[in-house]
Amino acid sequence: MELAKAYKPIEHEQAAWDLWLKAKAFAADPSQVKANGGTKDPYAIVIPPPNVTAALHLGHALNNTLQDILARMHRMKGYETLWMPGTDHAGIATQAVVEKRVMKEEKKRKTDFTREAFIAKIQAFKDEYEAVITGQLKAMGCSCDWDRQRFTMDDQCATAVREAFFILFRDGLIYRGKRLVNWDPALQTAVADDECYDEEVDGQFYFLKYPLVDSDETITVATTRPETYLGDTAVAMNPRDSRAKALVGKKVRLPLVGREIPIIADDYAVLPESMATTDEEKNDPKAKFSTGFVKMTPAHDTNDYEIGVRHGLAMVNMMSPDGRVSDKHGWDGAKMPPEFLGKKMEEARKLVVEEFTKLGLFEGVKPTRHSKKFSDRSKAVVEPYLSDQWYVRVTDPKMARTANAALVPEQRTSNHTGGTGFQPVPNGLKARSTDGELSFFPPRYAKTYEHWHDNIRDWCISRQLWWGHRIPVWSLSLDSQPDGTSFATAAQRVQEIVQRVLTAYGVSGDVAMRLCGESFDDGRLDICARTVAAERCLDDLLAVILETKDKWYELPAASAVGSDWTWLTEHVYPPETDRDPDVLDTWFSSALWPLSTMGWPNPRAFPGNEGMLEAFNPTSTLCTAREIITLWVSRMVMFNRYFRSDEVTKKRSDEVASPSSTSSLRHSVTSSLPGPVPFKHVYIHAVIQDGEGRKMSKSLGNGVDPLDIIESHGSDAMRFTLCQMATDTQDVRLPVQKDSKTGKNTSPKFDLGRNFANKLWNASRFALSMIGGSPLRGEVAAEQRSESPATSASLASGRPGGATHLSLIDRWMLSRLATGVHAADASLAQYQFSEYAMGCYTLLWNDFCDWYLEGIKPTVANSPQQQAVLAQSLDAIIRLLHPVMPFVTETLFQHIRHIQTATVAGITLTPATKLGTLCTAGWPKVDASLRDENAEREFARVQALVALIRDIRAKHQVKPARKITLHVPASLKLTGIDDLIKTFAGIDIIATDATQTGVPFAFEGAELRVSNLIDPAEAAAAAATGGDANDAEKARLTKQIADMDKSIATLEGRLNNPGYADRAPPAMVQQTRDQLTKAKADRDAAAAALAKL
RNA sequence: GGGCGAGUAGCUCAGCGGCUAGAGCAUCCGCCUUACACGCGGAGGGUCCAGGGUUCGAAUCCCUGCUUGCCCA
């Protein structure tokens, strides 16, 4: 079959893809893995699920290219390979995009729809983008197991999320707590950081005096928000403040409120300008306004909140959700002056000034500008607001510390002491067998990971959104009643009633209850439902209490409640009795990804998952970006190790054994073996920036669409270029240009990959033309070769003991191949993708094309041995390149796999296992014995001499077709390399005469000449202008002499250095002497030639 | 504020104790040489950010500074 002159990706990519799918080449079979009684080692990658928010960009292309390289390489190496694909629902991002879209297209808000209706809209959007993303990955050639594609909110993943939440809730690792959120008082909802914008506004610093307790003195605080003084719980001053010693520990009394609050010392308080000593302090813009005293309002300011947590300050909320002063939403019984109650924040501010003025405690104002947060949608001023949120207790040793213990010892920090993270294993205890399994590439990222866990804080997992996994907790709030029942008694009774209902529905094992609080003010019963059945039970129970369903009294729950109904309805506080409206942080479901995608917790519940966890968890490698280390990597490690721990696993199997047992509240947490890591290696890839070092983004318009590159250059070209860029550094730059024809962004860098693919294509085309038509063993059918390669004849490498002697260039090529394959293996094993790409590049382009193919042209047609070396080398190179350029290599393989030649001893090329596909063929094995130093040394002589002659040819503008004569002195031996020199340098005769004609040059210390450069007829004409030629010759030799002199000076300098001979390794010294001898000889030869001109 | 990178040819990057510091692109010269002009052959081009130090020897290791980027808080 004829191959086109140039590789046209678009004509071949689809066919290759179809072949792979037809062969089911990417399907992972867990039963093949040793853990399940099979014979293979597993190799697994879970894709970092792309957000369904938008199409993939070049960073995704890079990351997925690298994953595909790893997957394909391991598949060829015989690993049972799973690359799990899927997408992420990306809660806030997706909901925001859809909200914007709906606003633009329908002029409607989220709240104009029911929750269900709006979720359906997001779902439709998700379907749309999931299809786009999947299409992109397939166009890139990603060898995922597409039949297993998951989505973080599909039924399988949702089941895992439910189970995980339940277990954590049951085990006391999930709790409810208060946290500052961005509150939009107009919409009365929390808003995320990216739904706010900052704006500089004119404001004022207000100066308020607070009287010291038991003293007539006052201190003055400066603030831009005087109204929040109602929620003050401390005053801070800098410990270096000269007054601090006397004042810290004393108390002040808040005017009107009457609350006594402490004065604390904290660096956060800025020293007044007059006390500042360093430039930094003086230049702090706040120093100008500072009095040295800062009011602390932890419930209404993010900085104060941090300090409040640090110093254990009380949190007093003085605002209601609609942004008015309130004493109804506070804690610790805060008392507000009645005149403030119900006032808006702006009104309250004026009132503060008035009241303080009346009391003589107002010192004045100074104008300032400061930045303020506003809500995108309502434009209202965003208030930091304390509200109820759910947390995962990742500070528990079973979480953060276990995550750090997962690090391989050599990547742990040696001087590790504090923190919640790693602690040395106590004496006498063996380290966990599952510890020390995790390593980072490049290793420096282990520090990021470790540091994160050392300083980790509990993870807030609730989000005030609609799109996501809704928190599976129902709350019964208790209210005191005149009958005088104590809180504890009432709570006890409620739990008993709930328990009866659960039993009636047969779901008591699927529910965990926890009582929160100790009084009717803040007490409630939280009930977590593990399954949909349990959920229905709770719905019914609430319906019975609230009478919200038709014929509620006929529900099984009603009979289970029975005569307690009246009592129950009197004690359960209706308005807040419901399922929690919030959804889980997206990372909660992502954190379960290596578990949920493989069927955890119950592989039998969804088809095809059996044996997956055993086979593929832990996975082998996770490829991701560095900011993901904290967001995702850490959480996957914590979750995998917790949910696959002995403790959790055993508890689950006990439940299966006796499903009726109730999940008790706060299981006793006993010491247990943590589970395995979710992945052994974490590879962190570089960030792609544009040519100016800026992030690629839509707003800058500097983004490059992978599909555009695939269209213009081909998928392989994009992949190769990206792989070649993937170095260990943090950022890589890709100069971006706008294509004048299409108007699309592209980069000239992709030409590299396109040219390389074309080079491979043409090298193969040439090889096929040489050997495709003349099989060595015509009697062996084409298909048979791939079945039983051992039947074909085998060529020895020409080394001692070999049957057939190979020529120098063949031995050289095999040596280069052996080195190249070894280097590629080593590079990929260390995630050195760029080195792998560049190594392959040199091997194919320089070694194979420039030297080998050119060198064998005169001989290959008549040498079956050479044809074998040619075919086997090309086949090996194509296999080596398959992971990075799957399409072109697969296309070519479909031709070269039919070639019949002898095999080459030392090269093992295992045939394909599925439909003759390269992607299931064996990774090339080239025996190290094929490395041949002698051949490399001799060939290097060829290359050096050829380079000198080519230089002369170029300077003299000798036509490529013209054969010239080389004159060498008899002392210089070119035995065995003379034919190659003739081929490469365009020489027809190598004479050993001592002619003085022609162009002289120095090689290996001898004076050589080339003559007959020009056609005799032209020579006569040129003789007239001989002076010019002579001048050029002189210039050339002069430069050669200068180069040699420079080299000689360097080498002599080194040898003359007294310490060198003494301290440097002897071999190195000898090498330097040899170099010097050679350089001097070359210089002398060149000088002699110059003198004769 | 803490942590991690980068600064080498016009551009994008390798090299990270010892070759005359390399590659691709770009530039210049010559070639449609029968696989490839997405090509072939050749050439020019670098105070390896600056300043100290360690070493027989530093682009490479250490320190200081400058420029620049990212992550976490």
# chains A, B, ... in the order shown; residues from 1 in each chain; ligands from 1
$ residues_around --residues "B:C49" --least-positions-apart "4" --cutoff "8 Å" --atoms "only C-alpha atoms (C1' of nucleotides)" --output "JSON, numbers by chain"
{"B": [7, 66, 67]}
$ residues_around --residues "stretch 28-37 of chain B" --least-positions-apart "5" --cutoff "8 Å" --atoms "only C-alpha atoms (C1' of nucleotides)" --output "list in words"
Lys5, Ala6, Asn758, Lys759, Asn762, Ala763, Ser764, Arg765, Phe766, Ala767, Ala954, Gln957, Lys959, Pro960 and Ala961 of chain A; G42, A43 and G44 of chain B
$ write_last_selection --atoms "N, CA and C atoms (P, O5', C5', C4', C3', O3' and C1' of nucleotides)" --output "compact mmCIF listing (two decimals), in the first residue's frame"
# COMPACT_ATOMS: atom_id res chain seq x y z
N LYS A 5 2.87 11.30 0.60
CA LYS A 5 4.18 11.91 0.76
C LYS A 5 4.34 12.61 2.11
N ALA A 6 3.23 13.13 2.63
CA ALA A 6 3.29 13.79 3.93
C ALA A 6 2.23 13.18 4.83
N ASN A 758 5.80 13.97 10.82
CA ASN A 758 6.02 13.82 9.39
C ASN A 758 7.35 13.11 9.11
N LYS A 759 8.31 13.41 9.94
CA LYS A 759 9.62 12.77 9.79
C LYS A 759 9.49 11.26 9.99
N ASN A 762 7.81 9.65 7.04
CA ASN A 762 8.64 9.48 5.84
C ASN A 762 9.76 8.49 6.04
N ALA A 763 10.27 8.43 7.24
CA ALA A 763 11.29 7.41 7.51
C ALA A 763 10.69 6.03 7.31
N SER A 764 9.45 5.87 7.78
CA SER A 764 8.77 4.59 7.64
C SER A 764 8.48 4.30 6.17
N ARG A 765 8.09 5.33 5.48
CA ARG A 765 7.78 5.19 4.06
C ARG A 765 9.02 4.69 3.31
N PHE A 766 10.15 5.29 3.66
CA PHE A 766 11.39 4.89 3.01
C PHE A 766 11.75 3.44 3.36
N ALA A 767 11.64 3.12 4.63
CA ALA A 767 11.97 1.77 5.07
C ALA A 767 11.08 0.76 4.36
N ALA A 954 30.69 22.85 1.67
CA ALA A 954 29.76 23.98 1.76
C ALA A 954 30.48 25.30 1.46
N GLN A 957 31.08 25.60 -2.07
CA GLN A 957 29.83 25.48 -2.81
C GLN A 957 29.89 24.34 -3.82
N LYS A 959 28.58 21.23 -5.57
CA LYS A 959 27.22 20.72 -5.81
C LYS A 959 27.04 19.37 -5.10
N PRO A 960 25.89 19.15 -4.49
CA PRO A 960 25.68 17.92 -3.73
C PRO A 960 25.97 16.66 -4.55
N ALA A 961 25.64 16.70 -5.82
CA ALA A 961 25.80 15.49 -6.63
C ALA A 961 27.27 15.22 -6.98
P G B 42 26.13 19.27 8.26
O5' G B 42 26.59 20.76 7.95
C5' G B 42 27.85 20.99 7.37
C4' G B 42 27.99 22.43 6.96
C3' G B 42 27.99 23.46 8.08
O3' G B 42 29.20 23.50 8.80
C1' G B 42 26.68 24.24 6.29
P A B 43 29.23 23.98 10.32
O5' A B 43 29.01 25.55 10.16
C5' A B 43 29.99 26.33 9.49
C4' A B 43 29.51 27.74 9.32
C3' A B 43 29.27 28.50 10.63
O3' A B 43 30.47 29.03 11.14
C1' A B 43 27.45 28.83 9.14
P G B 44 30.64 29.21 12.72
O5' G B 44 29.90 30.58 12.99
C5' G B 44 30.36 31.77 12.34
C4' G B 44 29.30 32.83 12.45
C3' G B 44 28.88 33.19 13.87
O3' G B 44 29.77 34.12 14.45
C1' G B 44 26.95 32.87 12.55
$ residues_around --residues "A:Thr291" --least-positions-apart "3" --cutoff "10 Å" --atoms "only C-alpha atoms (C1' of nucleotides)" --output "list in words"
Phe207, Ile219, Thr220, Val221, Ala222, Thr223, Met237, Ala269, Val270, Leu271, Pro272, Glu273, Ser274, Met275, Lys286, Ala287, Lys288 and Val294 of chain A
$ select_by_dssp --residues "stretch 714-873 of chain A" --states "strand (DSSP E)" --output "list in words"
Asp731, Val732, Arg733, Leu734, Gln737, Lys738, Asn745, Thr746, Ser794 and Leu795 of chain A
$ residues_around --residues "stretch 731-743 of chain A" --least-positions-apart "2" --cutoff "6 Å" --atoms "only C-alpha atoms (C1' of nucleotides)" --output "list in words"
Ala686, Val687, Ile688, Gln689, Asp690, Gly691, Thr729, Asn745, Thr746 and Ser747 of chain A
$ closest_residue --among "A:Ala234, A:Leu874, A:Cys460, A:Leu254" --to "A:Gly177" --atoms "only C-alpha atoms"
A:Cys460
$ closest_atom_pairs --of "chain B" --to "chain A" --cutoff "12 Å" --atoms "only C-alpha atoms (C1' of nucleotides)" --output "CSV"
residue,atom,partner,partner_atom,distance
B:G1,C1',A:Tyr268,CA,11.6
B:G2,C1',A:His451,CA,10.0
B:G3,C1',A:Thr448,CA,7.2
B:C4,C1',A:Arg444,CA,7.7
B:G5,C1',A:Gln730,CA,5.6
B:A6,C1',A:Thr729,CA,7.8
B:C11,C1',A:Pro735,CA,8.6
B:U12,C1',A:Arg733,CA,6.9
B:C13,C1',A:Met725,CA,8.0
B:A14,C1',A:Glu835,CA,8.8
B:G15,C1',A:Glu835,CA,11.6
B:G17,C1',A:Ala1064,CA,11.7
B:G18,C1',A:Met1068,CA,7.7
B:C19,C1',A:Gln1075,CA,9.7
B:U20,C1',A:Ser1047,CA,5.8
B:A23,C1',A:Met838,CA,8.6
B:G24,C1',A:Leu752,CA,7.1
B:C25,C1',A:Lys749,CA,7.5
B:A26,C1',A:Pro748,CA,10.8
B:C29,C1',A:Ala954,CA,8.5
B:G30,C1',A:Gln957,CA,6.3
B:C31,C1',A:Pro960,CA,7.1
B:U33,C1',A:Pro960,CA,5.9
B:U34,C1',A:Lys857,CA,10.7
B:A35,C1',A:Phe766,CA,4.3
B:C36,C1',A:Asn762,CA,5.2
B:A37,C1',A:Ala6,CA,11.4
B:C38,C1',A:Asn755,CA,4.4
B:G39,C1',A:Lys759,CA,8.9
B:C40,C1',A:Asp850,CA,9.2
B:G41,C1',A:Arg950,CA,7.2
B:G42,C1',A:Ala954,CA,5.5
B:A43,C1',A:Asp951,CA,8.9
B:U55,C1',A:Gly1059,CA,10.3
B:C56,C1',A:Tyr1060,CA,3.8
B:G57,C1',A:Tyr1060,CA,7.6
B:U68,C1',A:Gly693,CA,9.2
B:G69,C1',A:Gly693,CA,7.4
B:C70,C1',A:Gln730,CA,7.5
B:C71,C1',A:Glu627,CA,6.1
B:C72,C1',A:Trp452,CA,7.9
B:A73,C1',A:Asn455,CA,9.9
$ residues_around --residues "A:Asp526" --least-positions-apart "5" --cutoff "8 Å" --atoms "only C-alpha atoms (C1' of nucleotides)" --output "MDAnalysis selection string"
chainID A and resid 473:476 513:516
$ atom_distance --atom1 "atom CA of A:Gly523" --atom2 "atom CA of A:Gly562"
24.0 Å
$ closest_residue --among "B:A21, B:C61, B:U27, B:C16" --to "B:C48" --atoms "only C-alpha atoms (C1' of nucleotides)"
B:A21
$ residues_around --residues "A:Tyr385" --least-positions-apart "4" --cutoff "6 Å" --atoms "only C-alpha atoms (C1' of nucleotides)" --output "tab-separated table (two decimals) with N, CA, C and O atoms, in the first residue's frame"
chain	number	residue	atom	x	y	z
A	180	LEU	N	-17.34	32.18	59.72
A	180	LEU	CA	-17.63	33.44	59.03
A	180	LEU	C	-17.81	33.19	57.55
A	180	LEU	O	-16.95	32.59	56.92
A	181	VAL	N	-18.92	33.64	57.02
A	181	VAL	CA	-19.12	33.54	55.58
A	181	VAL	C	-19.39	34.94	55.03
A	181	VAL	O	-19.64	35.88	55.78
A	183	TRP	N	-21.79	37.26	53.73
A	183	TRP	CA	-23.26	37.26	53.79
A	183	TRP	C	-23.82	38.42	52.98
A	183	TRP	O	-23.39	39.57	53.13
A	300	HIS	N	-17.68	39.52	63.19
A	300	HIS	CA	-18.00	40.41	62.07
A	300	HIS	C	-16.78	40.89	61.29
A	300	HIS	O	-16.86	41.86	60.54
$ residues_around --residues "A:Leu980" --least-positions-apart "4" --cutoff "10 Å" --atoms "only C-alpha atoms (C1' of nucleotides)" --output "JSON list (two decimals) with C-alpha atoms, in the first residue's frame"
[["chain", "number", "residue", "atom", "x", "y", "z"],
["A", 808, "LEU", "CA", 29.61, -1.17, 11.52],
["A", 809, "ILE", "CA", 26.62, 1.03, 10.82],
["A", 851, "TRP", "CA", 22.94, 8.79, 9.76],
["A", 854, "GLU", "CA", 21.55, 7.81, 4.73],
["A", 855, "GLY", "CA", 24.35, 5.40, 5.46],
["A", 856, "ILE", "CA", 22.59, 2.22, 4.36],
["A", 858, "PRO", "CA", 23.87, 1.98, -1.06],
["A", 939, "PHE", "CA", 31.23, 5.76, 13.96],
["A", 942, "VAL", "CA", 33.14, 8.83, 10.61],
["A", 943, "GLN", "CA", 30.95, 11.66, 11.84],
["A", 946, "VAL", "CA", 32.45, 13.78, 7.44],
["A", 976, "GLY", "CA", 36.23, -0.31, 7.81],
["A", 984, "PHE", "CA", 28.24, 10.59, 3.72],
["A", 985, "ALA", "CA", 30.79, 13.00, 2.31],
["A", 986, "GLY", "CA", 30.15, 12.48, -1.40],
["A", 987, "ILE", "CA", 33.55, 10.99, -2.13]]
